[in-house]
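Structure record follows, encoded as structure tokens.
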Amino acid sequence: MKKYILFNHLFAITASCIMALSLISFSTAVAQVEPDIEDVLENLNNEYSTINSIIPNRYDFTEGETGYYIYSGGSNYMYWYGNYVNTNIGGYVNYSNNIINTTSYFGGEGKYFTRKYQGLFVLAANLENVNNFIISGDIECFDSYVDGTVLTSGLYKGFVKRVYDSPYGPSINHLMIIKNDPNVQQTYSTSYYNDYHEISNLNNTTRIYYLLYAGTSGYYIDNEATQQIMDAFVALLVTDTIAPNPVSNLFIDNILNSSATLRWTAPHDDSLTESVSAYDVRLSTYPLNVQNFPSAPVYQQSVVPGLPGSTDTLSISGLLGETQYWAGIRTIDEGENHSTPVITMFTTGADPSLSVSVNSIELEVAIGETINKSFSITNTALGSSPLSYSIVADNTPVNDIMTYVLNYDGTISMVNLLTKEAEDFNPGISVSDVEYCKVSDDLWMTSTDYDMIYVLSTINQTIRLQYS
């Protein structure tokens, strides 16, 4: 007769409810809506002086109107055949100077323009299935230094390369601008004679802008000045000053102890068919209103605004049980105008609670004898999240025998089954190389030599461990 303690409630069942206790930073998924390229050129021609007038110690380099490179820029120590523009599709792009042109090198229709102003060269291009945008060639900024940075202006990101402090010629400054995409990366040569500058992972980018400008006598145009140049350029792209419409029909469902789901109807922007650009979502444990919304904690989300009238959804996690929350959403358009926030309140459910019908089970089992014992495990906090728990048996070769999820409606779902080799289970008995087989509605876990069998069943919402 062998005696086994199969179950001890004090330590053999462990309940867990995994909760994240902190909110995390906000990131925005933006609908890529750009102004028509013809409008960009028109705005530049009207307002270019707002950009080139703020370039500190500006050097008015020559060339850049025709061809596809700058031979020297008017200085023996600026270019030596530089400022070639190309993509991973191939070829060098011809300068169009104030004409809307097309090229297959930008993919799709390939619409683009270049424009040369005093001390400023600008390119704008529509991209389709382009991964890399590249500036290349040779420069002659002898004994100079090279650095770069990444700047942000509203919904746009700027990739900067600078070649500066040459005692012989002007500094050379690249500024590549796209709608913000965290996947895009830049690389550039750190050699003062190489014009190479590239941004990659542009697959989701539909428009790129490139600015070239210079500073006299190697003048270093720092981040502050570069930011002002970028802001002035971006301002020409954004002429919308009308706030977008707010979301409608905001409601919350699937409320559990640590999660909930927000749903709302996507609004339109200025026209009935134009989607908004982004959502700004805030979540707090104190009441939200129009006045305190901008200072409320932001919540990470990746909802791309749908077409006007469609339903958008956001799953919220990391909540505390039995807690009041206020959730609010405001819309953002391409001009960074904000709508009035729409706010709702909800209370999370209770945390799951474990109840077991017995404290322990002891069995005396003879060789060849089979004994069944049943006990009930209940999630007593109805309406809460599912209860996750595991079962282990004392004096057995198996750790973490079974792991289950007990749903709040009383159903049981097995999510894991782990085994380990026997260690000093009983003298003369070795249990290893555990095999699994499914018989009827019971799950059997059996060792190769069949010295011991474990049987699991969920009959009548109970869990049965059977030893033989």
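Labels for the structure tokens follow display order: chains A, B, ..., residues from 1 in each chain, ligands from 1.
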(request) Give me every strand (DSSP E or B) residue in segment 2-206 of chain A, going by DSSP on the backbone, as an NGL selection string. (result) :A and (2-8 or 13-16 or 58 or 70 or 79 or 82 or 84-87 or 92 or 101-102 or 111-117 or 120-126 or 133-136 or 138-139 or 145-153 or 156-164 or 171-179 or 185-188 or 194 or 197-200)
(request) Find, counting only C-alpha atoms, the residue in A:Ser277, A:Asn43, A:Asn249, A:Asn257 that gets nearest to Ser317 of chain A. (result)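 For Ser317 of chain A, the nearest of the candidates is A:Asn257.
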(request) Identify which of the residues A:Gly349, A:Gly218, A:Pro56, A:Gly64 lies closest to Thr114 of chain A, counting only C-alpha atoms when measuring atom-to-atom distances. (result)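 Closest candidate: A:Gly64.
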(request) For Thr340 of chain A, please output as a list in words all residues within 8 Å (counting only C-alpha atoms; exclusion window: fewer than 6 positions along the same chain). (result)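 Within the cut-off, the hits are Asn245, Pro246, Val290, Arg330 and Thr331 of chain A.
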(message) Could you list, as a list in words, every residue within 8 Å of Gly90 of chain A, counting only C-alpha atoms and ignoring same-chain residues fewer than 3 positions away?
(response)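 Result of the neighbour search: Asn86, Thr87 and Tyr105 of chain A.
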(request) Please provide the set of residues having any atom within 7 Å of Ser171 of chain A, restricted to only C-alpha atoms, with same-chain residues fewer than 6 positions apart removed, written as a list in words. (result)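 Selected residues are Val163, Tyr164, Asp165, Ala214, Gly215, Thr216, Ser217, Gly218, Tyr219 and Tyr220 of chain A.
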If we count only C-alpha atoms and set the cut-off at 10 Å, which residues sit around Glu140 of chain A, ignoring sequence neighbours fewer than 6 positions away in its own chain? Please answer as a PDB file with N, CA and C atoms, in the first residue's frame.
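Writing the result to result_7.pdb gives the following:
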```pdb
ATOM      1  N   SER A  72      30.304  72.491 -58.644  1.00  0.00           N
ATOM      2  CA  SER A  72      31.159  73.073 -57.605  1.00  0.00           C
ATOM      3  C   SER A  72      30.362  73.896 -56.601  1.00  0.00           C
ATOM      4  N   SER A  75      32.210  77.427 -55.468  1.00  0.00           N
ATOM      5  CA  SER A  75      33.401  77.476 -54.609  1.00  0.00           C
ATOM      6  C   SER A  75      34.261  76.267 -54.917  1.00  0.00           C
ATOM      7  N   ASN A  76      35.565  76.472 -54.949  1.00  0.00           N
ATOM      8  CA  ASN A  76      36.472  75.350 -55.173  1.00  0.00           C
ATOM      9  C   ASN A  76      36.468  74.374 -54.006  1.00  0.00           C
ATOM     10  N   TYR A  77      35.860  74.775 -52.885  1.00  0.00           N
ATOM     11  CA  TYR A  77      35.883  73.928 -51.698  1.00  0.00           C
ATOM     12  C   TYR A  77      34.480  73.626 -51.177  1.00  0.00           C
ATOM     13  N   MET A  78      33.519  73.471 -52.126  1.00  0.00           N
ATOM     14  CA  MET A  78      32.178  73.015 -51.744  1.00  0.00           C
ATOM     15  C   MET A  78      31.919  71.644 -52.378  1.00  0.00           C
ATOM     16  N   TYR A  79      31.616  71.617 -53.660  1.00  0.00           N
ATOM     17  CA  TYR A  79      31.333  70.356 -54.342  1.00  0.00           C
ATOM     18  C   TYR A  79      32.400  70.027 -55.384  1.00  0.00           C
ATOM     19  N   TRP A  80      32.513  68.758 -55.634  1.00  0.00           N
ATOM     20  CA  TRP A  80      33.211  68.248 -56.807  1.00  0.00           C
ATOM     21  C   TRP A  80      32.323  67.143 -57.382  1.00  0.00           C
ATOM     22  N   TYR A  81      31.272  67.583 -58.112  1.00  0.00           N
ATOM     23  CA  TYR A  81      30.217  66.695 -58.603  1.00  0.00           C
ATOM     24  C   TYR A  81      29.465  66.066 -57.424  1.00  0.00           C
ATOM     25  N   GLY A  82      28.576  66.833 -56.826  1.00  0.00           N
ATOM     26  CA  GLY A  82      27.805  66.348 -55.692  1.00  0.00           C
ATOM     27  C   GLY A  82      26.313  66.592 -55.854  1.00  0.00           C
ATOM     28  N   SER A 166      34.993  73.824 -42.190  1.00  0.00           N
ATOM     29  CA  SER A 166      36.102  73.816 -43.141  1.00  0.00           C
ATOM     30  C   SER A 166      36.748  75.199 -43.170  1.00  0.00           C
ATOM     31  N   TYR A 168      38.268  76.357 -45.583  1.00  0.00           N
ATOM     32  CA  TYR A 168      38.423  76.762 -46.979  1.00  0.00           C
ATOM     33  C   TYR A 168      37.108  77.125 -47.662  1.00  0.00           C
ATOM     34  N   GLY A 169      36.008  76.495 -47.297  1.00  0.00           N
ATOM     35  CA  GLY A 169      34.769  76.704 -48.032  1.00  0.00           C
ATOM     36  C   GLY A 169      33.546  76.663 -47.132  1.00  0.00           C
ATOM     37  N   PRO A 170      32.348  76.699 -47.727  1.00  0.00           N
ATOM     38  CA  PRO A 170      31.104  76.758 -46.945  1.00  0.00           C
ATOM     39  C   PRO A 170      30.768  75.409 -46.310  1.00  0.00           C
ATOM     40  N   TYR A 192      34.722  63.984 -44.917  1.00  0.00           N
ATOM     41  CA  TYR A 192      34.450  65.332 -45.386  1.00  0.00           C
ATOM     42  C   TYR A 192      34.533  65.464 -46.909  1.00  0.00           C
ATOM     43  N   TYR A 193      34.829  64.390 -47.620  1.00  0.00           N
ATOM     44  CA  TYR A 193      34.816  64.466 -49.076  1.00  0.00           C
ATOM     45  C   TYR A 193      33.706  63.612 -49.695  1.00  0.00           C
ATOM     46  N   ASN A 194      32.801  63.064 -48.883  1.00  0.00           N
ATOM     47  CA  ASN A 194      31.743  62.188 -49.377  1.00  0.00           C
ATOM     48  C   ASN A 194      30.379  62.799 -49.045  1.00  0.00           C
ATOM     49  N   ASP A 195      29.550  63.001 -50.072  1.00  0.00           N
ATOM     50  CA  ASP A 195      28.242  63.640 -49.906  1.00  0.00           C
ATOM     51  C   ASP A 195      27.142  62.653 -49.489  1.00  0.00           C
TER      52      ASP A 195
END
```
(request) Give me the residues within 8 Å of segment 258-270 of chain A as an MDAnalysis selection string, counting only C-alpha atoms and dropping any in the same chain fewer than 6 places off. (result) chainID A and resid 19 242:252 276 305:321 333 348:349 385
Please write the residues from the selection above to a file, keeping C-alpha atoms, as a PDB file, in the first residue's frame.
```pdb
ATOM      1  CA  MET A  19      -1.760  43.315 -14.013  1.00  0.00           C
ATOM      2  CA  ILE A 242     -10.044  74.505 -38.968  1.00  0.00           C
ATOM      3  CA  ALA A 243     -10.452  72.046 -36.095  1.00  0.00           C
ATOM      4  CA  PRO A 244     -11.569  68.521 -37.058  1.00  0.00           C
ATOM      5  CA  ASN A 245     -14.855  67.045 -35.893  1.00  0.00           C
ATOM      6  CA  PRO A 246     -14.859  65.107 -32.598  1.00  0.00           C
ATOM      7  CA  VAL A 247     -15.566  61.383 -32.360  1.00  0.00           C
ATOM      8  CA  SER A 248     -19.146  60.302 -31.722  1.00  0.00           C
ATOM      9  CA  ASN A 249     -20.927  57.342 -30.074  1.00  0.00           C
ATOM     10  CA  LEU A 250     -18.061  56.698 -27.654  1.00  0.00           C
ATOM     11  CA  PHE A 251     -18.818  53.696 -25.445  1.00  0.00           C
ATOM     12  CA  ILE A 252     -16.965  51.019 -23.496  1.00  0.00           C
ATOM     13  CA  VAL A 276      -8.812  62.862 -39.419  1.00  0.00           C
ATOM     14  CA  PRO A 305      -8.377  56.651 -38.047  1.00  0.00           C
ATOM     15  CA  GLY A 306     -10.915  54.874 -40.207  1.00  0.00           C
ATOM     16  CA  LEU A 307     -13.102  56.298 -42.910  1.00  0.00           C
ATOM     17  CA  PRO A 308     -15.770  58.717 -41.679  1.00  0.00           C
ATOM     18  CA  GLY A 309     -18.703  56.779 -40.235  1.00  0.00           C
ATOM     19  CA  SER A 310     -16.743  53.573 -39.577  1.00  0.00           C
ATOM     20  CA  THR A 311     -16.203  52.126 -36.084  1.00  0.00           C
ATOM     21  CA  ASP A 312     -12.738  52.433 -34.534  1.00  0.00           C
ATOM     22  CA  THR A 313     -11.656  50.272 -31.590  1.00  0.00           C
ATOM     23  CA  LEU A 314      -8.977  50.529 -28.907  1.00  0.00           C
ATOM     24  CA  SER A 315      -8.197  47.841 -26.314  1.00  0.00           C
ATOM     25  CA  ILE A 316      -7.033  49.232 -22.971  1.00  0.00           C
ATOM     26  CA  SER A 317      -5.006  47.071 -20.581  1.00  0.00           C
ATOM     27  CA  GLY A 318      -3.031  47.471 -17.374  1.00  0.00           C
ATOM     28  CA  LEU A 319      -6.025  48.623 -15.323  1.00  0.00           C
ATOM     29  CA  LEU A 320      -6.669  48.139 -11.606  1.00  0.00           C
ATOM     30  CA  GLY A 321      -9.651  46.115 -10.416  1.00  0.00           C
ATOM     31  CA  ASP A 333      -5.916  66.865 -38.321  1.00  0.00           C
ATOM     32  CA  THR A 348     -13.481  47.917 -13.767  1.00  0.00           C
ATOM     33  CA  GLY A 349     -14.668  44.561 -12.410  1.00  0.00           C
ATOM     34  CA  SER A 385     -11.344  38.519 -15.364  1.00  0.00           C
TER      35      SER A 385
END
```
(request) Counting only C-alpha atoms, figure out which residue out of A:Glu336, A:Asp147, A:Glu109, A:Glu47 gets nearest to Val238 of chain A. (result)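 With only C-alpha atoms as the atom set, the closest residue is A:Glu336.
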(message) What does the structure give for the distance between atom CA of Ser275 of chain A and atom CA of Ser153 of chain A, in Å to one decimal?
(response)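 Answer for the atom CA of Ser275 of chain A to atom CA of Ser153 of chain A separation: 21.3 Å.
With atom CA of Leu283 of chain A on one side and atom CA of Gln324 of chain A on the other, the separation reads 10.7 Å.
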